[in-house]
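Engineer: Pasting a structure below so you can have a look.
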Amino acid sequence: MSSIELLPFQARAAQQIVNRFHKLLTDPMRPMVHKNWEVPFYQALSAITGAGKTAMLADAVSQIRATLPVQPIVLWISKAKVVVDQTYANFEPGGKYSHLIDPSFTVKYLSELTPEAIGDGNTPFLVLTTVGAFNQKGKSDGTLRVHQVKQDNGNISLWSALAKRKAGSGERRPLIVVYDEGHNLADQQVDFLFELEPDAILVASATLKTPGKLGKMIDRLKDHGWSDKPLDDTKEETFACLVTAVRSKAVVDLGLVKRQIVLGGYTSIMETMIDDMMQTIGVASQKAKDLQAGFEPKAIYVCLTNKSQDDGSMDLPSKPFEQRKAAPILIWRYLVDQKKVDPESIAVYCDLKFDRSENPPPPDFKLFSGGDQDFAAFTAGNYKHIIFNQSLQEGWDDPAVCCAYIDKSMGSAIEVEQVIGRVLRQPGAKHFPDPDLNTASFFIRVDNKQEFPKILKAVQKNLGSEMPEVKIEGYVDPKDRQRAHQAPKKKKFIPEIHTDASDAVGPLNQAVADLHDYTNDTKHTVGKGAIQQAGMEIAGGGKADVIELDTPHSNRVMARWIMRREMLSLYPDVAKAIDWSDRRFDARIEITSPAAAALRREAESIVDIYLDNSELMFEEENLYTVGAVHVNPHKAQHFDNALHDAYDLNPLELEVAEAIDATGLDWARNPVNGGYSIPLLHKGDSRHFFPDFLVWKDDLVFAIDPKGAHILLKDAGVKLLNIRDERGQRKVLVRLLARGRWNEQVQCLNEKDGFTVFSVTKSTSKLKAQHVATVAKAVEAALKA
């Protein structure tokens with residue numbers, strides 16, 4: 001299992017949580033819940049599906065642990081057992097998230113934890129459990145093991161020991177509660193968690209709701225000056241805010257989720273829908289092979305389980321398999337008998353009933369009806385076609401799924417948005433140059449045509465507000481889907497562009513050689529501090545007693561971890577260019593020490609050295625081929641000279657496109673994420689630049705973007721406009737257009753006065769801003785070599 005490196009926005013979000021934790025922890029007037037328990041730190045991580053919430057929370061927890069004076073216990077909670085098992089596997093040594101938690105953590109299930117282990121203050125624990133393991137009203141006579149008192153555990157239940165959590169030194173161990181499905185929190189669950197008196201509560205969800213009792217606790221923080229108005233992860237890190245919000249744009253731009261969702265509404269029979277879907281998945285499979293995408297597209301089928309497909313009545317298990325009318329059986333038979341799909345590639349994951357003594361299913365009918373108990377065997381099978389009901393929606397997703405059949409007929413309660421959430425992740429976490437491999441296609445069966453517009457509107461309203469960068473289209477006529485797919489009318493190529501960091505090697509090596517050696521430094525590697533605790537009764541109204549406690553910050557991390565993590569948050573490629581075997585990176589440093597702060601500054605300096613000494617260069621032997629595009633056929637504009645028949649464009653794009661088309665040159669609208677891209681040499685989330693238009697003139701290609709002036713405000717802007725090959729020749733000329741009059745300092749002088757074309761001079765490679773009166777003149781100026 002390959003490990004997952006933090007992306008810049010993930011590292012920033014985790015750091016933001018940690019900074020806010022320390023803001024509350026060091027607050028001398030921190031409010032109290034009751035006499036002996038301070039209001040816990042609360043933080044909600046708001047991020048869309050596919051953003052990597054587990055990775056962000058794991059990194060945040062690891063950083064919080066490094067600054068606590070006593071080794072903590074992290075209680076990591078999920079609603080479904082399958083999610084707990086997945087998370088456990090990911091945190092185990094060799095798991096994809098194991099490197100994100102400090103190696104001193106011991107990972108356990110809650111059922112494996114003992115009061116003796118809790119009393120061992122030398123070992124931090126990351127303990128995983130489901131809500132069901134502790135969520136029971138009658139604890140004293142209950143059946144849940146965590147609430148049972150055992151003599152061999154010193155006549156104390158595991159839950160009570162976790163609430164006391166006294167270390168051998170007498171100090172109370174910090175408790176951090178992580179709930180990775182915060183939208184599922186209920187009052188009874190909150191009651192149980194409050195019994196533990198946690199020091200921090202972290203919840204993650206794409207949809208944030210706080211139940212009553214948790215809301216009341218949050219109100220105490222709001223009364224204390226904390227805000228519940230989320231700021232995205234680019235804002236002030238120490239702002240007293242209760243929500244860490246990750247921008248969906250960063251998630252989409254980096255290729256973590258699919259670029260487009262296409263919904264089709266059908267009132268026809270199941271067979272017609274599956275025919276259309278099999279055609280779609282066949283096209284996607286061939287393109288995945290052609291592009292060596294590294295995955296095989298899959299399909300899912302979501303339907304009712306034990307009801308007749310014909311009339312909704314109960315399907316009798318006593319009938320022979322061939323006479324059954326349950327939707328999972330009908331879909332399986334049609335795939336196997338008519339579409340000649342190998343039954344070994346089909347999984348049926350639902351509680352489908354059979355009379356196994358009289359009429360069992362065929363031997364090659366792969367049925368997983370055991371729920372959580374069957375989940376591991378199901379996932380190990382890597383099935384290409386998965387038939388299921390709502391039971392598989394929680395805790396399962398597969399980036400390779402590109403098509404979904406959803407049966408919403410006969411009053412089915414299946415939620416389309418939940419199914420969409422299960423297939424949003426993008427294979428390989430990157431967009432491909434063909435839109436079919438960046439698209440999730442849904443084939444939705446409804447009772448009548450009036451139902452589908454309601455579904456489409458709800459999806460566009462809810463998911464569209466969360467992910468405005470993801471296109472959501474719908475159709476009721478299958479021909480509209482065909483018209484939406486626009487293949488190029490001719491083959492056109494453009495040289496790929498890569499980052500040449502060869503000139504950065506020497507300066508980077510020198511920067512590493514100049515790093516201070518903290519291996520034997522016992523002064524600057526110590527980050528001592530103090531925590532002020534204020535204690536007073538809520539109703540007492542008296543003066544608070546303030547106690548100051550020394551915090552030795554004995555938990556240390558390696559210099560390598562500090563610097564690598566800082567680089568990953570700024571520009572991940574730099575971390576790959578460093579020789580991390582240097583022994584100075586093994587120095588143990590307290591995370592709040594002056595040495596740690598100095599190393600973070602050095603890491604940013606090294607990133608700057610890399611970017612300053614890197615250039616963009618052409619790869620003449622590696623050509624990008626213009627592929628198909630998706631357009632909305634009802635909004636599409638037709639052009640005479642474009643490589644595709646039509647495009648749907650916004651007003652500014654349309655103005656520029658019409659001017660380009662009037663030149664008679666070959667040109668194309670370049671899709672964002674999945675089209676032709678140019679690396680960006682600046683710190684931040686935006687790793688690539690996708691110019692809006694590509695124009696072929698003589699032996700040059702012009703990459704024109706009518707809204708790219710903001711890029712010039714970054715240091716990398718001029719480098720983007722001055723790309724050459726190893727002989728200094730230009731092959732692709734980037735031109736940025738901006739509405740209005742601008743100067744060379746990228747200042748807008750009059751936003752309504754014509755257009756400005758940005759380029760660089762041939763001789764001096766300095767920025768040039770040429771003002772013209774019309775968009776036609778702007779395109780003419782942009783196409784001059």
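Labels used: A, B, ... for chains in the order of the structure tokens, numbers from 1 for residues in each chain, and numbers from 1 for ligands as shown.
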From region 39-229 of chain A, collect each residue whose DSSP state is helix (DSSP H, G or I) and return the set as a PyMOL selection string.
Structural biologist: chain A and resi 53-67+81-91+98-100+110-112+115-119+131-133+145-147+151-153+158-164+182-184+187-195+212-223
Engineer: Using only C-alpha atoms, which protein or nucleic acid residues come within 12 Å of Val246 (chain A)? Drop anything in the same chain fewer than 6 positions from it, and give the result as a ChimeraX atom specification.
Structural biologist: /A:7-14,16-17,44-53,56,204-206,230-235,252,466-467,685
Engineer: Please identify all polymer residues within 7 Å of Ala559 (chain A), counting only C-alpha atoms, omitting same-chain residues fewer than 3 positions from it, and present them as a PDB file with C-alpha atoms, in the first residue's frame.
Structural biologist:
ATOM      1  CA  ILE A 562       9.739  19.725  10.398  1.00  0.00           C
ATOM      2  CA  MET A 563      11.427  20.771   7.166  1.00  0.00           C
ATOM      3  CA  PHE A 585      17.983  15.814   9.596  1.00  0.00           C
ATOM      4  CA  ASP A 586      18.002  13.175  12.360  1.00  0.00           C
ATOM      5  CA  ALA A 587      18.322  15.832  15.079  1.00  0.00           C
ATOM      6  CA  ARG A 588      15.541  15.598  17.680  1.00  0.00           C
ATOM      7  CA  ILE A 589      13.875  18.962  18.116  1.00  0.00           C
TER       8      ILE A 589
END
Engineer: Within region 385-608 of chain A, find each residue whose DSSP state, derived from the backbone, is strand (DSSP E or B), and express the selection as a ChimeraX atom specification.
Structural biologist: /A:385-388,401-407,425,439-445,471-475,485-486,493-500,529-535,545-551,556-558,588-590
Engineer: As a list in words, please: the residues near Gly527 (chain A) (cut-off 6 Å, only C-alpha atoms, same-chain neighbours under 6 positions excluded).
Structural biologist: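 The filter keeps Glu590, Thr592 and Ser593 of chain A.
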Engineer: To one decimal in Å, tell me the separation between CA of Arg687 (chain A) and CA of Leu254 (chain A).
Structural biologist: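 Here the two named atoms are 7.3 Å from each other.
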Engineer: Report as a ChimeraX atom specification all protein, DNA and RNA residues lying within 12 Å of region 274-289 of chain A, evaluated on only C-alpha atoms, omitting residues in the same chain fewer than 5 positions from it.
Structural biologist: /A:262-266,268-269,294-301,330-335,338-341,384-385,400-407,427-428,431-445,477-479,481-482,485,627-628
Engineer: Of the candidates A:Val557, A:Ser357, A:Leu424, A:Arg724, which one gets nearest to Ser104 (chain A) if we count only C-alpha atoms?
Structural biologist: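 The closest residue to Ser104 (chain A) is A:Val557.
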Engineer: Between CA of Lys454 (chain A) and CA of Gly411 (chain A), what is the spacing in Å?
Structural biologist: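 Taking CA of Gly411 (chain A) and CA of Lys454 (chain A), their separation equals 14.2 Å.
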Engineer: Which residue is closest to Ser686 (chain A)? Choose from A:Pro360, A:Pro468, A:Gly255, A:Pro399 and count only C-alpha atoms.
Structural biologist: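 Among the listed residues, the smallest separation from Ser686 (chain A) belongs to A:Gly255.
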Engineer: Would you mind listing what lies within 8 Å of Lys697 (chain A) as a PyMOL selection string, with only C-alpha atoms counted and same-chain residues fewer than 3 positions away left out?
Structural biologist: chain A and resi 665-666+700-702+783
Engineer: Would you please work out which residue, of A:Thr625, A:Gln770, A:Gln373, A:Ser465, is nearest to Lys491 (chain A) when using only C-alpha atoms?
Structural biologist: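 For Lys491 (chain A), the nearest of the given residues is A:Thr625.
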